[in-house]
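S.K.: Before I ask anything, here is the structure I am working with.
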Amino acid sequence: MIWKRYIPIAIVGFFGSLTLFGWFIENEGIKSFIDDDATQWYDIIASFAIFLGALNLLKLQFLKVLKRKAGWEYSVVAILSFLIVFVIGFFMRGAFVVDIPNTDIQSTYFTQGAAEEAVNHLKDSGIIASITPAQWGAHIQTEGGLFKWMFDNIFTPLSATMFALLAFYVASASYRAFRARNFEATLLLLAGIIIMIGRVPIGSLISSWMIMYLLVLVIGILINTYFRSRQLVFGWVALGLIGVTVLGSSMGWPIDQPAVFYLPALQEWIYTVPNLAGARAIMIGIGLGVVVTSLRYIFGLEKSYIGNQ
Amino acid sequence: MRFLEDIIVKFGSVDRRVIFVLIGLAVLVPLLNPIDLAIRPTPSSQRVYDAVDSIPDNSKVLISFDYGPSTKPEIHPMTLGVMRHILSQDRGHKIYITCLWPDGLYMAKDALKIINEEYDLVEYEDYVLLGFRPGNEAVVKGLASDLRKVFTVDAAQKSINEIPMMEGVNNLNDFQFIFTGSAGYPGTFEWVQYGADPTGVPLSSGTTSIQVNEVMPYVQSGQLQGILAGMPGAAEYEKLIDTPGIAIQGMAAQSYGHVVIVLFIILGNLAYFITERRERKY
């Protein structure tokens with residue numbers, strides 16, 4: 001009980017308080033601990049966390065394969081990929097640089113054998129070359145090395161492909177789910193369309209006058225829907241179209257005036273005014289949440305990290 | 001009228017594979033046949049440009065590559081643009097590169113390869129690649145306090161003490177400007193909270209479009225000197241430094257992609273309203 005509960009809680013409480021109050025106490029020792037030692041400890045623990053994460057991943061994938069759960073075949077691929085990258089990263093240099101002295105010419109080979117073969121070929125042609133194995137640690141980023149090759153030719157395209165698929169799913173999902181069902185949904189829909197078109201260059205080609213004409217017609221539809229009066233609709237549309245045309249002619253049809261109807265200006269306003277207000281509210285909420293959770297940890301009220309619910 | 005409504009309703013229930021093909025075409029065609037579209041810099045991109053432009057001569061600039069290959073098309077052009085801007089002025093700036101993401105190291109190597117072809121830089125004289133360290137915000141906090149405790153060697157395993165351009169560089173206070181190309185956590189937030197705010201070093205950022213909402217408050221409060229927002233931000237920066245690149249080329253594809261999505265949304269809504277009305281009627 002003492003080792004499993006009280007001591008961990010005491011450690012967290014002590015170091016939590018030290019780190020928190022250290023910001024307000026003018027003491028070189030505490031300041032140095034917070035700024036340097038604590039962050040160094042964090043870095044070391046974070047490095048260990050990578051190993052723990054890798055082990056956890058392997059455990060989960062192995063269990064999936066052993067229990068023949070749905071999609072276990074993918075787990076086999078995951079385990080094999082992990083092991084291959086692990087072995088290549090930790091036990092194979094995979095980068096042997098063949099260098100011709102006094103020139104800029106150099107080439108990197110995956111194996112020592114291939115590099116020696118290249119040196120022998122050069123020797124036959126009367127060129128003396130040397131082999132320099134990449135330094136451990138630097139070998140994973142040596143241009144032409146095996147690890148870098150894998151990163152450039154396997155990981156990068158796979159990663160980019162996964163992210164690119166998002167465009168297709170966003171298109172399909174927004175087509176199905178973006179419906180003007182009520183006032184809030186309509187507002188979201190309009191804001192989404194304005195941002196989507198206003199953010200890209202094609203949006204700056206759409207004149208604010210076109211938006212105004214469209215607006216006149218849309219309001220006409222709304223009047224027709226709610227009042228069912230032909231005279232009213234005709235009157236509004238006719239007056240609206242004439243009004244926009246007269247205003248446009250008098251102003252010389254500038255593409256970005258009036259700015260309130262110009263999509264790039266409108267999207268900038270949405271970004272910087274209503275959106276910012278919402279983002280700030282969320283940030284302040286998160287900040288308060290972080291403060292409360294941290295205090296709960298310091299006072300020993302939050303014990304989920306030692307397995308308590 | 002009924003016939004037109006039937007067509008719209010039919011389009012409203014189109015198979016998603018059709019949408020995939022159309023999106024694919026909308027993106028592919030402009031990429032294969034580049035179309036020149038006018039790009040207007042937004043105030044936030046202009047602010048990044050002005051911040052980089054106002055860095056004093058012979059400054060030390062820290063660039064952090066906090067992204068991986070998945071967001072490379074969006075963020076890589078921004079970091080390249082900022083690097084080009086810093087170097088094009090030939091004002092004696094030196095570039096220091098860190099990575100909060102493990103694959104950021106490869107992004108940095110790739111960027112340096114491209115930039116080296118254009119500017120013929122000398123490693124350890126014009127730039128140093130410090131590399132990746134695990135620890136997320138703790139790394140940024142460590143850099144703000146004592147860089148030499150976080151990085152004892154650079155990415156090529158060379159001791160920091162043996163690198164001439166590291167002389168006099170002990171923490172973030174020794175830099176005149178920081179730029180982070182960020183795709184999420186750790187990234188812009190951590191640089192603002194643990195790097196720029198405590199030290200007062202000007203910071204700008206380039207992020208994915210999806211992150212802009214969250215980062216914008218920092219821009220308005222002045223904690224962040226502008227933001228390059230997604231691929232449009234990258235294209236705007238390329239326009240500002242007058243070096244057209246992959247982002248400007250990509251904007252036509254993104255434009256048409258967005259237009260197709262918006263058209264489908266409108267079509268879907270029209271079909272929804274027609275169906276609703278018919279259901280109410282019968």
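In the structure tokens, the first chain shown is A, the next is B, and so on; residue numbers restart at 1 for each chain, and ligands run from 1 in the order shown.
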I need the residues of stretch 159-193 of chain B that end up classed as strand (DSSP E or B) by DSSP on the backbone, written out as a list in words.
M.R.: Ser159, Phe177, Ile178, Phe179, Thr180, Gly181 and Ser182 of chain B
S.K.: When DSSP works through the backbone of this structure, what residues of stretch 55-274 of chain B end up as alpha helix (DSSP H), shown as a PyMOL selection string?
M.R.: chain B and resi 72-88+104-119+137-145+147-150+188-190+197-199+212-220+230-240+246-274
S.K.: Residues within 10 Å of A:Trp209, please, as a list of chain:residue names. Count only C-alpha atoms; anything in the same chain fewer than 2 positions from it doesn't count.
M.R.: A:Ile206, A:Ser207, A:Ile211, A:Met212, A:Tyr213, A:Leu214, A:Leu215, A:Val244, A:Thr245, A:Leu247, A:Gly248, A:Trp253, A:Pro254, A:Ile255, A:Asp256, A:Gln257, A:Pro258, A:Phe261, A:Tyr262
S.K.: Counting only C-alpha atoms, which of A:Trp149, A:Val292, A:Gly300, A:Ile194 gets nearest to A:Trp269?
M.R.: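 Ranked by minimum distance to A:Trp269, first place goes to A:Ile194.
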S.K.: Within 9 Å of B:Glu238, counting only C-alpha atoms, which residues show up once you throw out same-chain ones fewer than 2 positions away? Write them as a list in words, please.
M.R.: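 Once the nearby chain positions are removed, what remains is Pro77, Met78, Gly81, Val82, Gly233, Ala234, Ala235, Glu236, Leu240, Ile241, Asp242, Thr243, Pro244, Gly245, Ile246, Ala247 and Ile248 of chain B.
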S.K.: Would you list the contacts of A:Gly89 as an MDAnalysis selection string, taking every protein, DNA or RNA residue within 7 Å and counting only C-alpha atoms, but skipping same-chain residues closer than 3 positions in sequence?
M.R.: chainID A and resid 85:86 92 140 147
S.K.: So which residues touch stretch 1-15 of chain B within 12 Å, counting only C-alpha atoms, skipping near sequence neighbours fewer than 3 positions away, as a VMD selection string?
M.R.: (chain A and resid 172 to 173 175 to 177 179) or (chain B and resid 18 to 22 263 to 278)
S.K.: Let me make sure I understand: among B:Met166, B:Ala138, B:Met83, B:Val48, which one has the smallest atom-to-atom distance to chain A if we use only C-alpha atoms?
M.R.: B:Ala138
S.K.: From the list B:Ile160, B:Ile114, B:Val153, B:Met251, which residue is nearest A:Ile197 when using only C-alpha atoms?
M.R.: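 Closest residue, counting only C-alpha atoms: B:Met251.
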S.K.: Please report the interatomic distance between atom CA of A:Ala118 and atom CA of A:Lys148 in Å with one decimal.
M.R.: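 About the pair atom CA of A:Ala118 and atom CA of A:Lys148: they are 20.4 Å apart.
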S.K.: What's the 10 Å shell around B:Tyr185, counting only C-alpha atoms, without same-chain residues fewer than 5 positions away, as a PyMOL selection string?
M.R.: chain B and resi 66-67+100-101+136-137+190
